[in-house]
>>> print(open('upload_39.cif').read())   # mmCIF, C-alpha atoms and all ligand atoms
data_target
#
loop_
_atom_site.label_atom_id
_atom_site.label_comp_id
_atom_site.auth_asym_id
_atom_site.auth_seq_id
_atom_site.Cartn_x
_atom_site.Cartn_y
_atom_site.Cartn_z
CA MET U 1 -44.92 82.97 12.40
CA LYS U 2 -47.97 84.74 13.76
CA LYS U 3 -47.40 87.62 11.37
CA GLN U 4 -47.25 85.21 8.45
CA LYS U 5 -50.53 83.64 9.51
CA LEU U 6 -52.18 87.02 9.82
CA GLU U 7 -50.94 88.01 6.39
CA ASN U 8 -52.23 84.78 4.89
CA TYR U 9 -55.59 85.40 6.46
CA GLN U 10 -55.70 88.99 5.24
CA ASN U 11 -54.78 87.89 1.74
CA ALA U 12 -57.48 85.24 1.82
CA VAL U 13 -59.97 87.87 2.92
CA LYS U 14 -58.84 90.26 0.19
CA ASP U 15 -59.17 87.49 -2.35
CA VAL U 16 -62.68 86.68 -1.19
CA LYS U 17 -63.69 90.32 -1.17
CA SER U 18 -62.47 90.97 -4.67
CA LYS U 19 -64.37 87.95 -5.93
CA VAL U 20 -67.70 88.46 -4.23
CA LYS U 21 -67.93 92.25 -4.21
CA TYR U 22 -68.84 91.74 -0.57
CA ASP U 23 -67.67 94.31 1.95
CA GLY U 24 -69.53 93.18 5.06
CA SER U 25 -67.93 92.15 8.31
CA HIS U 26 -67.82 88.35 7.79
CA PRO U 27 -65.94 87.61 4.58
CA GLU U 28 -65.18 84.05 5.67
CA LEU U 29 -68.87 83.28 6.18
CA ALA U 30 -69.66 85.01 2.91
CA ALA U 31 -67.13 82.83 1.10
CA ARG U 32 -68.66 79.71 2.61
CA LEU U 33 -72.18 80.77 1.69
CA GLU U 34 -71.08 81.73 -1.77
CA LYS U 35 -69.68 78.28 -2.36
CA GLU U 36 -72.82 76.57 -1.11
CA ILE U 37 -75.65 78.64 -2.50
CA LEU U 38 -74.59 81.03 -5.20
CA ASP U 39 -75.55 80.17 -8.73
CA THR U 40 -74.91 83.08 -11.06
CA ASN U 41 -76.40 81.37 -14.08
CA PRO U 42 -79.01 78.66 -13.39
CA GLY U 43 -79.70 78.45 -17.15
CA VAL U 44 -83.41 77.50 -17.06
CA LYS U 45 -85.63 79.26 -19.60
CA TRP U 46 -89.36 80.07 -19.32
CA ASP U 47 -90.00 77.55 -22.09
CA ASP U 48 -88.34 74.77 -20.12
CA VAL U 49 -91.20 75.03 -17.63
CA ALA U 50 -94.37 73.37 -18.87
CA GLY U 51 -97.75 74.92 -18.04
CA LEU U 52 -98.08 76.83 -14.75
CA SER U 53 -99.24 79.90 -16.65
CA ASP U 54 -100.95 81.41 -13.59
CA ALA U 55 -97.82 81.06 -11.51
CA LYS U 56 -95.72 82.54 -14.31
CA ARG U 57 -98.07 85.53 -14.60
CA ILE U 58 -98.00 86.18 -10.85
CA LEU U 59 -94.23 85.88 -10.70
CA GLN U 60 -93.94 88.31 -13.57
CA GLU U 61 -96.02 90.83 -11.70
CA THR U 62 -94.34 90.32 -8.36
CA VAL U 63 -90.71 89.82 -9.36
CA VAL U 64 -90.00 90.65 -12.99
CA LEU U 65 -91.84 93.96 -13.44
CA PRO U 66 -90.66 95.60 -10.18
CA LEU U 67 -87.13 94.89 -11.33
CA PHE U 68 -87.66 96.63 -14.67
CA MET U 69 -89.90 99.47 -13.48
CA PRO U 70 -88.78 100.29 -9.93
CA GLU U 71 -90.25 103.84 -10.12
CA TYR U 72 -93.74 102.47 -10.65
CA PHE U 73 -93.56 99.98 -7.81
CA GLN U 74 -93.35 102.48 -4.96
CA ARG U 75 -95.46 103.10 -1.85
CA ILE U 76 -98.79 101.30 -2.13
CA ARG U 77 -97.49 99.54 -5.23
CA ARG U 78 -94.31 98.42 -3.48
CA PRO U 79 -93.22 94.89 -4.42
CA TRP U 80 -94.47 92.07 -2.24
CA ARG U 81 -92.07 91.34 0.59
CA GLY U 82 -91.94 87.66 -0.09
CA VAL U 83 -93.57 85.19 -2.45
CA LEU U 84 -94.33 81.59 -1.50
CA MET U 85 -94.86 78.72 -3.91
CA PHE U 86 -96.53 75.72 -2.34
CA GLY U 87 -97.71 72.40 -3.70
CA PRO U 88 -96.85 68.72 -3.89
CA PRO U 89 -93.22 67.71 -4.53
CA GLY U 90 -91.88 67.49 -8.08
CA THR U 91 -94.27 70.03 -9.61
CA GLY U 92 -91.67 72.52 -10.79
CA LYS U 93 -91.28 75.00 -7.92
CA THR U 94 -87.48 74.97 -7.95
CA LEU U 95 -87.44 74.92 -11.73
CA LEU U 96 -89.71 77.97 -11.91
CA ALA U 97 -87.58 79.90 -9.41
CA LYS U 98 -84.53 79.25 -11.57
CA ALA U 99 -86.39 80.30 -14.70
CA VAL U 100 -87.40 83.63 -13.14
CA ALA U 101 -83.81 84.31 -12.07
CA THR U 102 -82.44 83.39 -15.50
CA GLU U 103 -84.98 85.43 -17.42
CA CYS U 104 -84.30 88.50 -15.30
CA GLY U 105 -80.53 88.12 -15.28
CA MET U 106 -80.61 87.93 -11.51
CA THR U 107 -78.09 86.26 -9.28
CA PHE U 108 -79.71 83.11 -7.97
CA MET U 109 -79.13 82.13 -4.36
CA ASN U 110 -80.47 78.66 -3.76
CA ILE U 111 -80.73 78.44 -0.01
CA SER U 112 -81.64 75.32 1.85
CA CYS U 113 -82.23 75.99 5.52
CA SER U 114 -79.46 73.57 6.46
CA SER U 115 -76.86 75.90 4.95
CA LEU U 116 -77.89 78.48 7.55
CA PHE U 117 -77.47 76.19 10.56
CA GLY U 118 -74.20 77.19 12.22
CA ASN U 119 -71.97 75.18 14.55
CA TRP U 120 -71.31 77.86 17.12
CA TYR U 121 -73.50 79.96 19.32
CA GLY U 122 -74.77 82.88 17.28
CA GLU U 123 -73.34 81.59 14.02
CA SER U 124 -76.75 80.95 12.42
CA GLU U 125 -77.75 84.56 12.92
CA ARG U 126 -74.46 85.77 11.53
CA LEU U 127 -74.87 83.48 8.51
CA THR U 128 -78.38 84.77 7.90
CA ARG U 129 -77.29 88.42 8.12
CA CYS U 130 -74.36 87.68 5.90
CA LEU U 131 -76.62 85.99 3.37
CA PHE U 132 -78.67 89.14 2.89
CA GLU U 133 -75.52 91.32 2.76
CA LEU U 134 -74.16 89.01 0.10
CA ALA U 135 -77.46 89.18 -1.79
CA ARG U 136 -77.29 92.98 -1.82
CA ALA U 137 -73.67 92.88 -2.98
CA HIS U 138 -74.73 90.74 -5.95
CA ALA U 139 -78.02 92.55 -6.63
CA PRO U 140 -80.32 92.13 -8.39
CA THR U 141 -80.62 88.86 -6.52
CA MET U 142 -83.24 86.21 -6.06
CA ASN U 143 -83.03 84.67 -2.61
CA PHE U 144 -84.72 81.34 -3.06
CA ILE U 145 -85.40 79.50 0.19
CA ASP U 146 -86.39 75.93 -0.54
CA ASP U 147 -88.34 73.88 2.03
CA ILE U 148 -88.90 76.97 4.14
CA ASP U 149 -91.21 74.97 6.46
CA SER U 150 -88.12 73.29 7.94
CA LEU U 151 -87.45 76.57 9.76
CA CYS U 152 -90.58 76.05 11.80
CA LYS U 153 -89.76 72.47 12.75
CA HIS U 154 -86.68 72.64 14.95
CA GLU U 155 -86.70 74.30 18.32
CA THR U 156 -83.02 75.06 17.86
CA SER U 157 -83.61 77.29 14.88
CA ARG U 158 -85.75 79.83 16.68
CA ARG U 159 -82.94 82.40 16.81
CA LEU U 160 -82.16 81.81 13.16
CA LYS U 161 -85.79 82.30 12.31
CA SER U 162 -86.12 85.56 14.18
CA GLU U 163 -83.03 86.90 12.40
CA LEU U 164 -84.55 85.84 9.10
CA LEU U 165 -87.77 87.67 9.91
CA VAL U 166 -85.77 90.81 10.70
CA GLN U 167 -83.94 90.52 7.39
CA ILE U 168 -87.15 89.99 5.42
CA ASP U 169 -88.64 93.06 7.08
CA GLY U 170 -85.58 95.02 5.97
CA LEU U 171 -85.92 93.93 2.34
CA ASN U 172 -88.54 96.42 1.38
CA ASN U 173 -86.62 99.43 2.63
CA SER U 174 -83.44 98.57 0.83
CA ASN U 175 -85.40 97.84 -2.34
CA SER U 176 -86.96 101.25 -2.50
CA THR U 177 -84.00 103.34 -1.43
CA SER U 178 -80.86 101.92 -2.99
CA GLY U 179 -82.34 100.35 -6.11
CA LYS U 180 -80.52 97.13 -5.24
CA MET U 181 -83.33 94.70 -5.58
CA VAL U 182 -83.28 91.53 -3.53
CA THR U 183 -86.34 89.37 -3.96
CA LEU U 184 -87.41 86.63 -1.62
CA LEU U 185 -89.02 83.59 -3.12
CA ALA U 186 -89.74 80.55 -0.97
CA ALA U 187 -91.09 77.08 -1.62
CA THR U 188 -92.63 74.37 0.50
CA ASN U 189 -94.35 71.01 0.22
CA PHE U 190 -95.81 71.50 3.70
CA PRO U 191 -97.47 74.91 3.86
CA GLY U 192 -99.46 73.83 6.91
CA ASN U 193 -96.24 73.78 8.93
CA LEU U 194 -95.58 77.49 8.42
CA ASP U 195 -96.33 79.61 11.42
CA GLU U 196 -98.15 82.90 11.30
CA ALA U 197 -95.04 85.10 11.49
CA LEU U 198 -93.52 83.59 8.37
CA ARG U 199 -96.83 83.31 6.56
CA ARG U 200 -97.50 87.00 7.09
CA ARG U 201 -94.20 87.94 5.45
CA LEU U 202 -94.80 85.71 2.46
CA GLU U 203 -97.52 88.00 1.21
CA LYS U 204 -98.18 86.30 -2.13
CA ARG U 205 -98.91 82.59 -1.86
CA ILE U 206 -99.08 80.71 -5.14
CA TYR U 207 -100.39 77.18 -5.52
CA ILE U 208 -98.33 74.96 -7.84
CA PRO U 209 -100.64 72.02 -8.56
CA LEU U 210 -100.04 68.68 -10.22
CA PRO U 211 -99.87 69.08 -14.02
CA TYR U 212 -103.18 69.07 -15.91
CA PHE U 213 -103.63 67.18 -19.18
CA GLU U 214 -102.30 69.97 -21.42
CA THR U 215 -99.35 70.56 -19.13
CA ARG U 216 -98.53 66.85 -19.05
CA LYS U 217 -98.47 66.82 -22.83
CA GLU U 218 -96.18 69.83 -22.94
CA LEU U 219 -93.95 68.36 -20.25
CA ILE U 220 -93.52 65.09 -22.14
CA GLN U 221 -92.68 67.05 -25.30
CA ILE U 222 -90.07 69.12 -23.46
CA ASN U 223 -88.48 65.96 -22.08
CA LEU U 224 -88.33 64.27 -25.47
CA LYS U 225 -87.01 67.25 -27.41
CA SER U 226 -83.78 65.62 -28.52
CA ILE U 227 -84.97 62.01 -28.64
CA GLU U 228 -85.82 59.88 -31.66
CA LEU U 229 -89.48 58.73 -31.47
CA ALA U 230 -91.18 55.91 -33.35
CA PRO U 231 -93.97 57.27 -35.61
CA GLU U 232 -96.74 55.51 -33.67
CA VAL U 233 -95.92 57.24 -30.37
CA ASP U 234 -99.07 58.98 -29.16
CA ILE U 235 -98.17 61.60 -26.58
CA GLU U 236 -101.85 62.45 -25.94
CA GLN U 237 -102.45 58.89 -24.85
CA VAL U 238 -99.47 58.94 -22.50
CA ALA U 239 -100.78 62.21 -21.04
CA GLN U 240 -104.22 60.67 -20.58
CA LYS U 241 -102.81 57.70 -18.75
CA THR U 242 -100.78 59.78 -16.33
CA GLU U 243 -103.39 61.74 -14.43
CA GLY U 244 -102.17 62.25 -10.85
CA TYR U 245 -98.48 62.06 -11.82
CA SER U 246 -96.18 64.95 -10.89
CA GLY U 247 -93.83 66.62 -13.37
CA ASP U 248 -90.97 64.77 -11.76
CA ASP U 249 -92.81 61.41 -12.14
CA LEU U 250 -93.41 62.20 -15.82
CA THR U 251 -89.76 63.03 -16.33
CA ASN U 252 -88.90 59.66 -14.81
CA ILE U 253 -91.32 57.92 -17.17
CA CYS U 254 -89.73 59.63 -20.18
CA ARG U 255 -86.25 58.73 -18.95
CA ASP U 256 -87.21 55.12 -18.35
CA ALA U 257 -88.98 54.77 -21.70
CA SER U 258 -86.07 56.33 -23.56
CA LEU U 259 -83.63 53.82 -22.06
CA ASN U 260 -85.69 50.78 -22.97
CA GLY U 261 -84.36 50.41 -26.52
CA MET U 262 -80.82 50.26 -25.19
CA ARG U 263 -81.84 47.66 -22.59
CA GLN U 264 -83.26 45.42 -25.27
CA LYS U 265 -80.25 45.92 -27.49
CA ILE U 266 -77.74 44.82 -24.84
CA ALA U 267 -79.85 42.03 -23.31
CA GLY U 268 -77.90 38.76 -23.16
CA LYS U 269 -74.70 40.31 -24.54
CA THR U 270 -71.28 40.22 -22.88
CA ILE U 271 -69.50 43.42 -21.89
CA HIS U 272 -67.14 42.89 -24.81
CA GLU U 273 -70.00 42.59 -27.28
CA ILE U 274 -71.68 45.65 -25.80
CA LYS U 275 -68.47 47.64 -26.27
CA ASN U 276 -68.56 46.82 -29.95
CA ILE U 277 -72.05 48.17 -30.54
CA LEU U 278 -71.68 51.46 -32.36
CA LYS U 279 -72.75 54.56 -30.46
CA SER U 280 -74.51 55.90 -33.54
CA GLU U 281 -76.47 52.66 -33.76
CA MET U 282 -77.58 53.05 -30.14
CA LEU U 283 -78.69 56.65 -30.67
CA LYS U 284 -80.81 55.66 -33.65
CA ILE U 285 -83.05 53.25 -31.71
CA PRO U 286 -86.38 55.09 -31.52
CA VAL U 287 -88.54 55.13 -28.40
CA THR U 288 -91.72 53.18 -29.04
CA MET U 289 -95.23 53.42 -27.64
CA GLU U 290 -94.66 50.12 -25.93
CA ASP U 291 -91.66 51.59 -24.08
CA PHE U 292 -93.93 54.32 -22.76
CA LEU U 293 -96.72 51.99 -21.71
CA GLU U 294 -94.24 49.77 -19.89
CA ALA U 295 -92.74 52.76 -18.10
CA VAL U 296 -96.18 54.06 -17.04
CA ASP U 297 -96.98 50.63 -15.67
CA LYS U 298 -93.74 50.45 -13.74
CA ILE U 299 -93.58 53.97 -12.31
CA LYS U 300 -96.31 54.85 -9.84
CA PRO U 301 -97.36 58.40 -8.95
CA THR U 302 -95.59 59.71 -5.84
CA VAL U 303 -98.25 62.16 -4.67
CA SER U 304 -101.27 60.82 -2.80
CA SER U 305 -104.78 62.21 -3.03
CA GLY U 306 -104.57 63.01 0.70
CA ASP U 307 -101.61 65.27 -0.09
CA ILE U 308 -103.63 67.10 -2.71
CA GLN U 309 -106.55 67.62 -0.37
CA ARG U 310 -104.21 69.01 2.28
CA HIS U 311 -102.83 71.55 -0.22
CA GLU U 312 -106.23 72.53 -1.55
CA LYS U 313 -107.53 73.12 1.94
CA TRP U 314 -104.58 75.36 2.76
CA TYR U 315 -105.03 77.17 -0.56
CA SER U 316 -108.64 77.98 0.17
CA GLU U 317 -107.68 79.30 3.58
CA PHE U 318 -104.40 81.14 2.94
CA GLY U 319 -103.71 81.13 -0.81
CA SER U 320 -103.56 84.30 -2.90
CA SER U 321 -103.12 84.78 -6.58
N1 LIG U 401 -93.82 72.23 -14.94
C1 LIG U 401 -92.71 71.52 -15.24
N2 LIG U 401 -92.12 71.68 -16.45
C2 LIG U 401 -91.03 70.98 -16.79
N3 LIG U 401 -90.43 70.07 -15.98
C3 LIG U 401 -90.96 69.86 -14.76
C4 LIG U 401 -92.13 70.57 -14.32
N4 LIG U 401 -92.44 70.15 -13.08
C5 LIG U 401 -91.51 69.24 -12.74
N5 LIG U 401 -90.63 69.04 -13.74
C6 LIG U 401 -89.51 68.08 -13.74
O1 LIG U 401 -89.37 67.58 -12.43
C7 LIG U 401 -88.10 67.91 -11.88
C8 LIG U 401 -88.25 68.33 -10.43
O2 LIG U 401 -88.94 69.55 -10.35
P1 LIG U 401 -88.69 70.58 -9.17
O3 LIG U 401 -88.79 71.95 -9.71
O4 LIG U 401 -87.44 70.24 -8.44
O5 LIG U 401 -89.95 70.27 -8.24
P2 LIG U 401 -90.30 70.89 -6.83
O6 LIG U 401 -89.30 71.94 -6.52
O7 LIG U 401 -91.69 71.41 -7.00
O8 LIG U 401 -90.26 69.74 -5.87
C9 LIG U 401 -87.57 69.03 -12.76
O9 LIG U 401 -86.17 69.02 -12.79
C10 LIG U 401 -88.18 68.72 -14.10
O10 LIG U 401 -87.43 67.73 -14.76
MG MG U 402 -87.87 71.82 -5.05
#
>>> encode(input="upload_39.cif", output="structure tokens")
Amino acid sequence: MKKQKLENYQNAVKDVKSKVKYDGSHPELAARLEKEILDTNPGVKWDDVAGLSDAKRILQETVVLPLFMPEYFQRIRRPWRGVLMFGPPGTGKTLLAKAVATECGMTFMNISCSSLFGNWYGESERLTRCLFELARAHAPTMNFIDDIDSLCKHETSRRLKSELLVQIDGLNNSNSTSGKMVTLLAATNFPGNLDEALRRRLEKRIYIPLPYFETRKELIQINLKSIELAPEVDIEQVAQKTEGYSGDDLTNICRDASLNGMRQKIAGKTIHEIKNILKSEMLKIPVTMEDFLEAVDKIKPTVSSGDIQRHEKWYSEFGSS
């Protein structure tokens, strides 16, 4: 019986190893992490991200070029240890991280700090170590740590954090010697909560602001790519009316506006009548300017001006670009 169990376990381990190309000492943790965080093809293109040209340029210099020209990025030109994107929520930080990984053909590891919290004593450290081993096994890899500030919040995660710092320190060495590039990109909505130790390792700190007028226009166009619009729809006017809205807010406005035609069409009808409306008929209803204006009225911006001030203050103190 025991032998059977052992064999099952060994087979499971073998199976995991063959799948993840991982040959570290914790295949079961690796398998768990792989399930939670590994995304081999996030499928977001540069063009899906509106605006943010500064951030794109910096990410190209810090992530993309070192990957393509490792010989150039040695010694004093060594790649930055870690890059931080900070800014209000819904401004495209996660989207941009995915776009970088897609454009570079990198494995994308989308890590939320909660996936590193273990149940047992010492498990968090093992998970963290394992995460970086896994990243090297899948290199080139982008380790994207979302909401990295949450590491500085809980007393209980101190051991996890010190292991993470050790691993970040090790990144540079492995980059330059083995050619297996693992890049650390982190994001936060609360940069002020980062302590000095983490801040120091996130050497490049990029501000991702709320979208400006031009970016809002581009963002609305991206969202409406496959949607039928009435001829009078004036995207410039929608962009003008949405100062202070985040990219996520704007996406919500577009979604809401684009559903309005359907709402009107089914108003007062029974389920049976609705079933009989032709799908093609539904798809042909164009989105009107009125739909947009209604949606703008209904959906309020989520980011407050206090939030913006907090970010700008941190940017002037600690930002780099
Ligand atoms: N610059 C942008 N270009 C295109 N879409 C955006 C942009 N910023 C935000 N969005 C929209 O908002 C959603 C949330 O963005 P996300 O990247 O998760 O924000 P963050 O990580 O900064 O909180 C995206 O899925 C996208 O629909
Ligand atoms: Mg995000």
>>> closest_residue(input="upload_39.cif", among="U:Pro211, U:Gly247, U:Gly268, U:Gly118", to="ligand MG 402 (chain U)", atoms="all atoms listed in the file")
U:Gly247
>>> closest_residue(input="upload_39.cif", among="U:Ile274, U:Met142, U:Glu290, U:Asn189", to="U:Pro209", atoms="only C-alpha atoms")
U:Asn189
>>> residues_around(input="upload_39.cif", residues="U:Ile58", least_positions_apart="3", cutoff="9 Å", atoms="all atoms listed in the file", output="PyMOL selection string")
chain U and resi 53-55+61-63+204+206+321
>>> atom_distance(input="upload_39.cif", atom1="atom CA of U:Tyr22", atom2="atom CA of U:Leu134")
6.0 Å
>>> closest_atom_pairs(input="upload_39.cif", of="chain U", to="ligand MG 402 (chain U)", cutoff="10 Å", atoms="only C-alpha atoms and all ligand atoms", output="JSON lines")
{"residue": "U:Met85", "atom": "CA", "partner": "U:MG402", "partner_atom": "MG", "distance": 9.9}
{"residue": "U:Phe86", "atom": "CA", "partner": "U:MG402", "partner_atom": "MG", "distance": 9.9}
{"residue": "U:Gly87", "atom": "CA", "partner": "U:MG402", "partner_atom": "MG", "distance": 9.9}
{"residue": "U:Pro88", "atom": "CA", "partner": "U:MG402", "partner_atom": "MG", "distance": 9.6}
{"residue": "U:Pro89", "atom": "CA", "partner": "U:MG402", "partner_atom": "MG", "distance": 6.8}
{"residue": "U:Gly90", "atom": "CA", "partner": "U:MG402", "partner_atom": "MG", "distance": 6.6}
{"residue": "U:Thr91", "atom": "CA", "partner": "U:MG402", "partner_atom": "MG", "distance": 8.1}
{"residue": "U:Gly92", "atom": "CA", "partner": "U:MG402", "partner_atom": "MG", "distance": 6.9}
{"residue": "U:Lys93", "atom": "CA", "partner": "U:MG402", "partner_atom": "MG", "distance": 5.5}
{"residue": "U:Thr94", "atom": "CA", "partner": "U:MG402", "partner_atom": "MG", "distance": 4.3}
{"residue": "U:Leu95", "atom": "CA", "partner": "U:MG402", "partner_atom": "MG", "distance": 7.4}
{"residue": "U:Leu96", "atom": "CA", "partner": "U:MG402", "partner_atom": "MG", "distance": 9.4}
{"residue": "U:Ala97", "atom": "CA", "partner": "U:MG402", "partner_atom": "MG", "distance": 9.2}
{"residue": "U:Ser112", "atom": "CA", "partner": "U:MG402", "partner_atom": "MG", "distance": 9.9}
{"residue": "U:Ile145", "atom": "CA", "partner": "U:MG402", "partner_atom": "MG", "distance": 9.6}
{"residue": "U:Asp146", "atom": "CA", "partner": "U:MG402", "partner_atom": "MG", "distance": 6.3}
{"residue": "U:Asp147", "atom": "CA", "partner": "U:MG402", "partner_atom": "MG", "distance": 7.4}
{"residue": "U:Ala186", "atom": "CA", "partner": "U:MG402", "partner_atom": "MG", "distance": 9.8}
{"residue": "U:Ala187", "atom": "CA", "partner": "U:MG402", "partner_atom": "MG", "distance": 7.1}
{"residue": "U:Thr188", "atom": "CA", "partner": "U:MG402", "partner_atom": "MG", "distance": 7.7}
{"residue": "U:Asn189", "atom": "CA", "partner": "U:MG402", "partner_atom": "MG", "distance": 8.4}
>>> closest_residue(input="upload_39.cif", among="U:His272, U:Lys45, U:Arg205, U:Arg136", to="ligand LIG 401 (chain U)", atoms="only C-alpha atoms and all ligand atoms")
U:Lys45
>>> atom_distance(input="upload_39.cif", atom1="atom CA of U:Leu184", atom2="atom CA of U:Glu312")
23.5 Å
>>> closest_residue(input="upload_39.cif", among="U:Lys225, U:Arg57, U:Arg201, U:Lys217", to="U:Ala239", atoms="all atoms listed in the file")
U:Lys217
>>> atom_distance(input="upload_39.cif", atom1="atom CA of U:Pro66", atom2="atom CA of U:Ile111")
22.3 Å
>>> residues_around(input="upload_39.cif", residues="U:Ile220", least_positions_apart="5", cutoff="8 Å", atoms="all atoms listed in the file", output="NGL selection string")
:U and (235 or 239 or 250-251 or 254)
>>> residues_around(input="upload_39.cif", residues="stretch 35-41 of chain U", least_positions_apart="6", cutoff="6 Å", atoms="all atoms listed in the file", output="list in words")
Thr107, Phe108, Met109, Asn110 and Ile111 of chain U
>>> closest_residue(input="upload_39.cif", among="U:Val296, U:Ile308, U:Leu52, U:Leu65", to="ligand LIG 401 (chain U)", atoms="all atoms listed in the file")
U:Leu52
>>> closest_residue(input="upload_39.cif", among="U:Asp47, U:Glu203, U:Glu294, U:Asp249", to="U:Ile168", atoms="only C-alpha atoms")
U:Glu203
>>> residues_around(input="upload_39.cif", residues="U:Leu127", least_positions_apart="6", cutoff="12 Å", atoms="only C-alpha atoms", output="PyMOL selection string")
chain U and resi 24-34+111+113-121+133-134+159-161+163-164+167
>>> residues_around(input="upload_39.cif", residues="U:Asp234", least_positions_apart="3", cutoff="10 Å", atoms="only C-alpha atoms", output="compact mmCIF listing (two decimals) with C-alpha atoms, keeping the file's coordinate frame")
# COMPACT_ATOMS: atom_id res chain seq x y z
CA LEU U 229 -89.48 58.73 -31.47
CA ALA U 230 -91.18 55.91 -33.35
CA PRO U 231 -93.97 57.27 -35.61
CA GLN U 237 -102.45 58.89 -24.85
CA VAL U 238 -99.47 58.94 -22.50
CA ALA U 239 -100.78 62.21 -21.04
CA THR U 288 -91.72 53.18 -29.04
CA MET U 289 -95.23 53.42 -27.64
CA PHE U 292 -93.93 54.32 -22.76
